[in-house]
Amino acid sequence: MSKITNEELLSSIKGKFDADVTHVSEPFGLLTLETSRERIIDLLTFLKTDAALQFIYLTDITAIHYPESEKQIGIIYHLHSLVNNVRIRIKVFVADGDVTMPTATVLWNGANWMERETYDFYGVVFEGHPDLRRILNVDDMTVFPMRKEYPLEDPNRVDKRDYFFGR
Amino acid sequence: MQNHPVYTDNDPQTEYSTLNLGPTHPATHGVFQNVLTLDGERIVSGVSTIGYIHRAFEKIAEHRPFYQITPLTDRMNYCSSPINNMGWHMTVEKLLGIQMPKRVDYMRIIIMELARISDHIICNGVLGVDTGAFTGFLYMMKYREDIYEIYEEICGSRLTTNVGRIGGFERNFNHILFEKTRKFLKEFPVALKEFEALFNRNRIFVDRTKDVAAVTAEDALSYSWSGPLLRAAGVDYDVRAMEPYSSYDEFDFEVPVGTNGDVYNRFLVRNEEMWQSLRLIEQALKKIEKEPSDVFHADVPEFYLPPKEDVYNNMEALIYHFKIVMGEIPTPNTEVYHSVEGANGELGFYLVNDGGRSPYRLHFRRPSFINYQMYAPMSRGMLLSDAIINMSSLNIIAGELDA
């Protein structure tokens with residue numbers, strides 16, 4: 001259905017970013033690749049502005065936390081080329097002490113709240129973001145709740161002890 | 001407190017007033033807040049605050065088996081919850097590689113299009129109410145009640161439906177459901193025509209909504225808008241047409257597209273989508289008759305719970321039941337992104353699985369959340385009454401905004 005195959009897409013990306021694009025896979029037909037924090041904005045700019053690719057639509061920005069890995073936090077971008085009807089997923093992994101990323105709001109205004117949500121839940125600081133503050137949680141929260149070490153339920157609550165049906 | 005740019009016109013006489021629109025306010029459809037700075041009636045700047053109904057669905061989803069996540073998805077866009085449910089089930093079926101029988105696809109299309117009609121009834125009706133016209137809303141609510149009765153036949157609930165299972169439906173459509181759907185298809189077009197006659201060329205309504213909050217296609221795409229809002233701005237992006245799921249490619253429907261993205265265009269696009277949904281339901285009813293009538297789920301015993309009588313009498317059913325509930329069935333250790341055309345736009349599910357019975361990470365790409373971020377920049381320079389109409393036409397459902 002799409003006008004560009006994943007092979008053509010990958011080869012035109014590799015033509016510009018050969019060494020910087022790793023871990024290429026195609027789960028369920030969606031080309032997925034990984035790149036570095038230094039090259040992500042260049043890669044997104046190339047995908048958005050290239051006349052043949054035209055990934056003008058930013059579908060989503062989100063994050064994931066792998067506490068066992070060397071680079072724990074992954075920031076994941078989903079782009080969509082409406083003209084060619086093809087999607088792409090780009091991941092950037094950063095290590096836990098140094099969770100900063102350049103902002104994608106320079107390319108898409110829609111990245112504003114998406115990055116705020118990622119900051120709110122994972123603590124990813126997007127440098128250059130016009131207004132990086134929490135969006136869904138309370139402003140004075142000190143933790144980043146979607147990280148794996150943060151428990152789902154508050155262990156200090158004494159009013160919800162269920163002796164017979166346990167948790 | 002918060003840095004938002006302060007507009008000054010260097011005139012010491014100008015005084016700005018602050019208006020707190022929300023979180024509980026009859027004009028905001030749900031709990032979200034806008035702190036507006038007004039110069040008389042004109043908005044100078046606005047700051048949106050959301051998260052009043054944040055219920056940590058993404059975190060909860062990491063601790064629940066796949067079939068227990070469906071009730072969470074209900075509660076995102078609660079005006080059209082079957083679409084959320086089916087979208088989630090389709091994501092899991094994509095992950096597990098389950099092929100659906102055609103009849104299940106057609107049944108899903110009927111329920112999803114009824115949900116889309118139900119959501120658009122609310123949005124357009126309430127848009128009328130916000131301009132002062134109560135009648136259209138009240139006339140259309142009866143048909144929303146009819147749709148709720150149709151949901152009740154299939155899943156028992158009316159609003160937060162939890163309809164369907166991974167692999168199909170929990171029970172077959174009974175003849176009452178088909179009768180109610182046919183009755184709806186006969187009666188609703190009459191009401192929709194009356195509704196359009198009441199609003200489409202109504203001088204007052206057109207004056208209030210035409211050229212209000214016009215949006216160019218470039219701006220809409222830059223803010224990642226989707227759904228009726230993007231289509232009203234002129235971009236014909238509909239997930240059902242671009243990446244057909246659930247056999248939508250066998251159906252004959254059109255995607256209505258507007259011109260300048262103003263509130264009037266959005267109203268007309270939603271009305272026209274209701275007509276197209278009626279077309280889809282009619283075609284689905286005809287196609288269902290050609291399929292074997294006892295098929296309502298795929299043949300996947302590893303993921304679809306066997307009927308209780310079999311569990312008590314049949315050894316294999318007992319084993320499958322145990323394995324499904326205790327999570328002993330391995331699932332692929334990979335990631336999938338699937339999107340459906342929700343009533344507000346592209347509703348996406350990004351599921352990263354680790355082989356167990358709960359997701360490792362589940363992210364909902366919520367169209368209301370992404371559409372709403374343009375509201376504050378867009379309302380700069382608008383009159384307050386136009387900003388209220390704009391908010392109604394964006395169809396922001398608070399459940400989907402916060403998840």
# chains A, B, ... in the order shown; residues from 1 in each chain; ligands from 1
call {"tool": "closest_atom_pairs", "arguments": {"of": "chain A", "to": "chain B", "cutoff": "8 Å", "atoms": "only C-alpha atoms", "output": "tab-separated table"}}
result
residue	atom	partner	partner_atom	distance
A:Pro27	CA	B:Glu335	CA	6.6
A:Phe28	CA	B:Val336	CA	6.7
A:Ile56	CA	B:Leu221	CA	7.4
A:Tyr57	CA	B:Ser224	CA	6.2
A:Leu58	CA	B:Ser224	CA	6.0
A:Thr59	CA	B:Ser224	CA	6.6
A:Asp60	CA	B:Arg365	CA	6.6
A:Thr62	CA	B:His363	CA	7.5
A:Ile64	CA	B:Arg361	CA	6.9
A:Leu82	CA	B:Tyr237	CA	7.4
A:Asn85	CA	B:Met242	CA	6.9
A:Trp108	CA	B:Ser222	CA	5.1
A:Asn109	CA	B:Tyr223	CA	5.0
A:Gly110	CA	B:Tyr223	CA	3.8
A:Ala111	CA	B:Tyr223	CA	7.5
A:Asn112	CA	B:Gln373	CA	7.8
A:Trp113	CA	B:Gln373	CA	6.5
A:Met114	CA	B:Ile370	CA	7.5
A:Asp131	CA	B:Asn3	CA	7.7
A:Ile135	CA	B:Ile50	CA	6.6
A:Leu136	CA	B:Gly51	CA	4.0
A:Asn137	CA	B:Gly51	CA	6.1
A:Val138	CA	B:Gly51	CA	8.0
A:Met146	CA	B:Lys59	CA	6.2
A:Leu152	CA	B:Lys59	CA	6.8
call {"tool": "write_last_selection", "arguments": {"atoms": "C-alpha atoms", "output": "tab-separated table (two decimals), in the first residue's frame"}}
result
chain	number	residue	atom	x	y	z
A	27	PRO	CA	8.46	-5.47	13.60
A	28	PHE	CA	5.10	-5.86	11.83
A	56	ILE	CA	5.78	15.72	7.75
A	57	TYR	CA	3.55	14.19	10.40
A	58	LEU	CA	4.82	13.53	13.89
A	59	THR	CA	2.59	10.81	15.28
A	60	ASP	CA	3.98	10.52	18.79
A	62	THR	CA	7.16	8.68	24.10
A	64	ILE	CA	10.53	3.61	27.79
A	82	LEU	CA	1.08	10.90	4.57
A	85	ASN	CA	1.72	6.20	3.42
A	108	TRP	CA	6.97	20.30	14.81
A	109	ASN	CA	4.84	22.44	17.13
A	110	GLY	CA	3.01	19.28	18.09
A	111	ALA	CA	6.10	17.99	19.88
A	112	ASN	CA	5.49	20.50	22.66
A	113	TRP	CA	3.06	18.58	24.82
A	114	MET	CA	4.42	15.22	23.75
A	131	ASP	CA	7.97	25.54	28.43
A	135	ILE	CA	1.66	18.36	32.32
A	136	LEU	CA	-0.47	15.58	33.78
A	137	ASN	CA	0.91	15.24	37.29
A	138	VAL	CA	0.93	17.83	40.07
A	146	MET	CA	6.54	5.78	34.87
A	152	LEU	CA	2.16	1.26	41.15
call {"tool": "select_by_dssp", "arguments": {"residues": "region 88-117 of chain A", "states": "strand (DSSP E)", "output": "list in words"}}
result
Ile88, Arg89, Ile90, Lys91, Val92, Phe93, Val94, Thr100, Met101 and Pro102 of chain A
call {"tool": "write_last_selection", "arguments": {"atoms": "C-alpha atoms", "output": "CSV table (one decimal), in the first residue's frame"}}
result
chain,number,residue,atom,x,y,z
A,88,ILE,CA,8.9,4.9,10.8
A,89,ARG,CA,10.0,4.5,14.4
A,90,ILE,CA,13.2,6.0,15.7
A,91,LYS,CA,14.6,5.3,19.1
A,92,VAL,CA,17.3,7.1,21.0
A,93,PHE,CA,18.7,5.6,24.2
A,94,VAL,CA,20.4,7.7,26.9
A,100,THR,CA,18.7,15.1,28.1
A,101,MET,CA,17.7,15.4,24.5
A,102,PRO,CA,17.4,18.1,22.0
call {"tool": "residues_around", "arguments": {"residues": "region 82-88 of chain B", "least_positions_apart": "6", "cutoff": "7 Å", "atoms": "only C-alpha atoms", "output": "CSV table (one decimal) with C-alpha atoms, in the first residue's frame"}}
result
chain,number,residue,atom,x,y,z
B,70,THR,CA,-9.8,-3.3,27.9
B,73,THR,CA,-9.3,1.8,27.3
B,74,ASP,CA,-13.1,2.2,27.7
B,111,ILE,CA,-20.3,-1.3,16.6
B,112,MET,CA,-17.5,1.1,15.8
B,115,ALA,CA,-19.8,4.7,18.4
B,161,THR,CA,-18.7,-0.9,27.3
B,162,ASN,CA,-15.7,-3.3,27.6
B,163,VAL,CA,-17.1,-4.8,24.4
B,339,SER,CA,-3.9,2.9,15.2
B,340,VAL,CA,-7.5,3.2,14.5
B,342,GLY,CA,-11.2,7.3,16.7
B,349,PHE,CA,-1.6,2.0,20.8
call {"tool": "residues_around", "arguments": {"residues": "Pro330 (chain B)", "least_positions_apart": "4", "cutoff": "8 Å", "atoms": "only C-alpha atoms", "output": "PyMOL selection string"}}
result
chain B and resi 355-357
call {"tool": "write_last_selection", "arguments": {"atoms": "C-alpha atoms", "output": "short mmCIF file (atom, residue, chain, number, x, y, z; two decimals), in the first residue's frame"}}
result
data_model
loop_
_atom_site.label_atom_id
_atom_site.label_comp_id
_atom_site.auth_asym_id
_atom_site.auth_seq_id
_atom_site.Cartn_x
_atom_site.Cartn_y
_atom_site.Cartn_z
CA GLY B 355 6.81 -12.23 26.42
CA GLY B 356 4.69 -12.33 29.54
CA ARG B 357 1.02 -11.75 30.08
#
call {"tool": "residues_around", "arguments": {"residues": "region 290-295 of chain B", "least_positions_apart": "5", "cutoff": "9 Å", "atoms": "only C-alpha atoms", "output": "short mmCIF file (atom, residue, chain, number, x, y, z; two decimals) with N, CA and C atoms, in the first residue's frame"}}
result
data_model
loop_
_atom_site.label_atom_id
_atom_site.label_comp_id
_atom_site.auth_asym_id
_atom_site.auth_seq_id
_atom_site.Cartn_x
_atom_site.Cartn_y
_atom_site.Cartn_z
N PRO B 101 -12.02 -13.75 11.51
CA PRO B 101 -12.98 -14.11 10.47
C PRO B 101 -13.74 -12.88 10.02
N LYS B 102 -14.22 -12.91 8.77
CA LYS B 102 -14.82 -11.72 8.19
C LYS B 102 -16.03 -11.26 8.98
N ARG B 103 -16.79 -12.21 9.47
CA ARG B 103 -18.01 -11.80 10.17
C ARG B 103 -17.67 -10.97 11.40
N VAL B 104 -16.60 -11.33 12.09
CA VAL B 104 -16.22 -10.56 13.27
C VAL B 104 -15.83 -9.14 12.85
N ASN B 172 -22.64 -13.80 20.53
CA ASN B 172 -23.06 -13.47 19.18
C ASN B 172 -24.08 -12.35 19.21
#
call {"tool": "atom_distance", "arguments": {"atom1": "CA of Val86 (chain A)", "atom2": "CA of Leu351 (chain B)"}}
result
18.8 Å
call {"tool": "residues_around", "arguments": {"residues": "Asp20 (chain A)", "least_positions_apart": "4", "cutoff": "12 Å", "atoms": "only C-alpha atoms", "output": "PDB file with C-alpha atoms, in the first residue's frame"}}
result
ATOM      1  CA  ILE A  13      18.547   7.102   5.281  1.00  0.00           C
ATOM      2  CA  LYS A  14      21.771   5.098   5.261  1.00  0.00           C
ATOM      3  CA  GLY A  15      22.978   7.216   2.359  1.00  0.00           C
ATOM      4  CA  LYS A  16      23.115  10.220   4.654  1.00  0.00           C
ATOM      5  CA  VAL A  24      17.429  -1.788  12.234  1.00  0.00           C
ATOM      6  CA  LEU A  33      15.954   2.152  13.852  1.00  0.00           C
ATOM      7  CA  GLU A  34      18.084   3.530  16.589  1.00  0.00           C
ATOM      8  CA  THR A  35      20.287   6.555  16.509  1.00  0.00           C
ATOM      9  CA  SER A  36      22.245   8.746  18.839  1.00  0.00           C
ATOM     10  CA  ARG A  37      21.244  11.867  20.699  1.00  0.00           C
ATOM     11  CA  GLU A  38      23.701  13.960  18.693  1.00  0.00           C
ATOM     12  CA  ARG A  39      22.200  12.990  15.337  1.00  0.00           C
ATOM     13  CA  ILE A  40      18.513  12.739  16.147  1.00  0.00           C
ATOM     14  CA  ASP A  42      19.513  15.961  11.897  1.00  0.00           C
ATOM     15  CA  LEU A  43      17.795  12.671  11.150  1.00  0.00           C
ATOM     16  CA  ILE A  90      13.206   6.027  15.693  1.00  0.00           C
ATOM     17  CA  LYS A  91      14.647   5.301  19.100  1.00  0.00           C
ATOM     18  CA  VAL A  92      17.340   7.121  21.047  1.00  0.00           C
TER      19      VAL A  92
END
call {"tool": "select_by_dssp", "arguments": {"residues": "chain A", "states": "alpha helix (DSSP H)", "output": "number ranges by chain"}}
result
A: 6-17, 40-49, 111-122
call {"tool": "residues_around", "arguments": {"residues": "Asp207 (chain B)", "least_positions_apart": "3", "cutoff": "12 Å", "atoms": "only C-alpha atoms", "output": "list in words"}}
result
Thr131, Phe199, Asn200, Arg201, Asn202, Arg203, Ile204, Lys210, Asp211, Val212, Asp262, Val263, Tyr264, Asp386 and Ile389 of chain B
call {"tool": "write_last_selection", "arguments": {"atoms": "C-alpha atoms", "output": "PDB file, in the first residue's frame"}}
result
ATOM      1  CA  THR B 131     -24.240  28.784  20.641  1.00  0.00           C
ATOM      2  CA  PHE B 199     -28.332  24.398  11.808  1.00  0.00           C
ATOM      3  CA  ASN B 200     -26.660  24.277   8.425  1.00  0.00           C
ATOM      4  CA  ARG B 201     -28.153  27.403   6.930  1.00  0.00           C
ATOM      5  CA  ASN B 202     -29.303  28.996  10.138  1.00  0.00           C
ATOM      6  CA  ARG B 203     -28.217  32.632   9.967  1.00  0.00           C
ATOM      7  CA  ILE B 204     -27.320  32.906  13.619  1.00  0.00           C
ATOM      8  CA  LYS B 210     -18.125  30.724  10.065  1.00  0.00           C
ATOM      9  CA  ASP B 211     -14.498  31.866   9.877  1.00  0.00           C
ATOM     10  CA  VAL B 212     -14.069  31.359  13.600  1.00  0.00           C
ATOM     11  CA  ASP B 262     -13.099  26.864  10.881  1.00  0.00           C
ATOM     12  CA  VAL B 263     -15.750  25.782  13.346  1.00  0.00           C
ATOM     13  CA  TYR B 264     -18.451  25.664  10.688  1.00  0.00           C
ATOM     14  CA  ASP B 386     -15.383  32.478  19.844  1.00  0.00           C
ATOM     15  CA  ILE B 389     -17.153  27.722  20.419  1.00  0.00           C
TER      16      ILE B 389
END
call {"tool": "atom_distance", "arguments": {"atom1": "CA of Ala233 (chain B)", "atom2": "CA of Asp39 (chain B)"}}
result
28.7 Å
call {"tool": "atom_distance", "arguments": {"atom1": "CA of Lys287 (chain B)", "atom2": "CA of Ile122 (chain B)"}}
result
28.8 Å
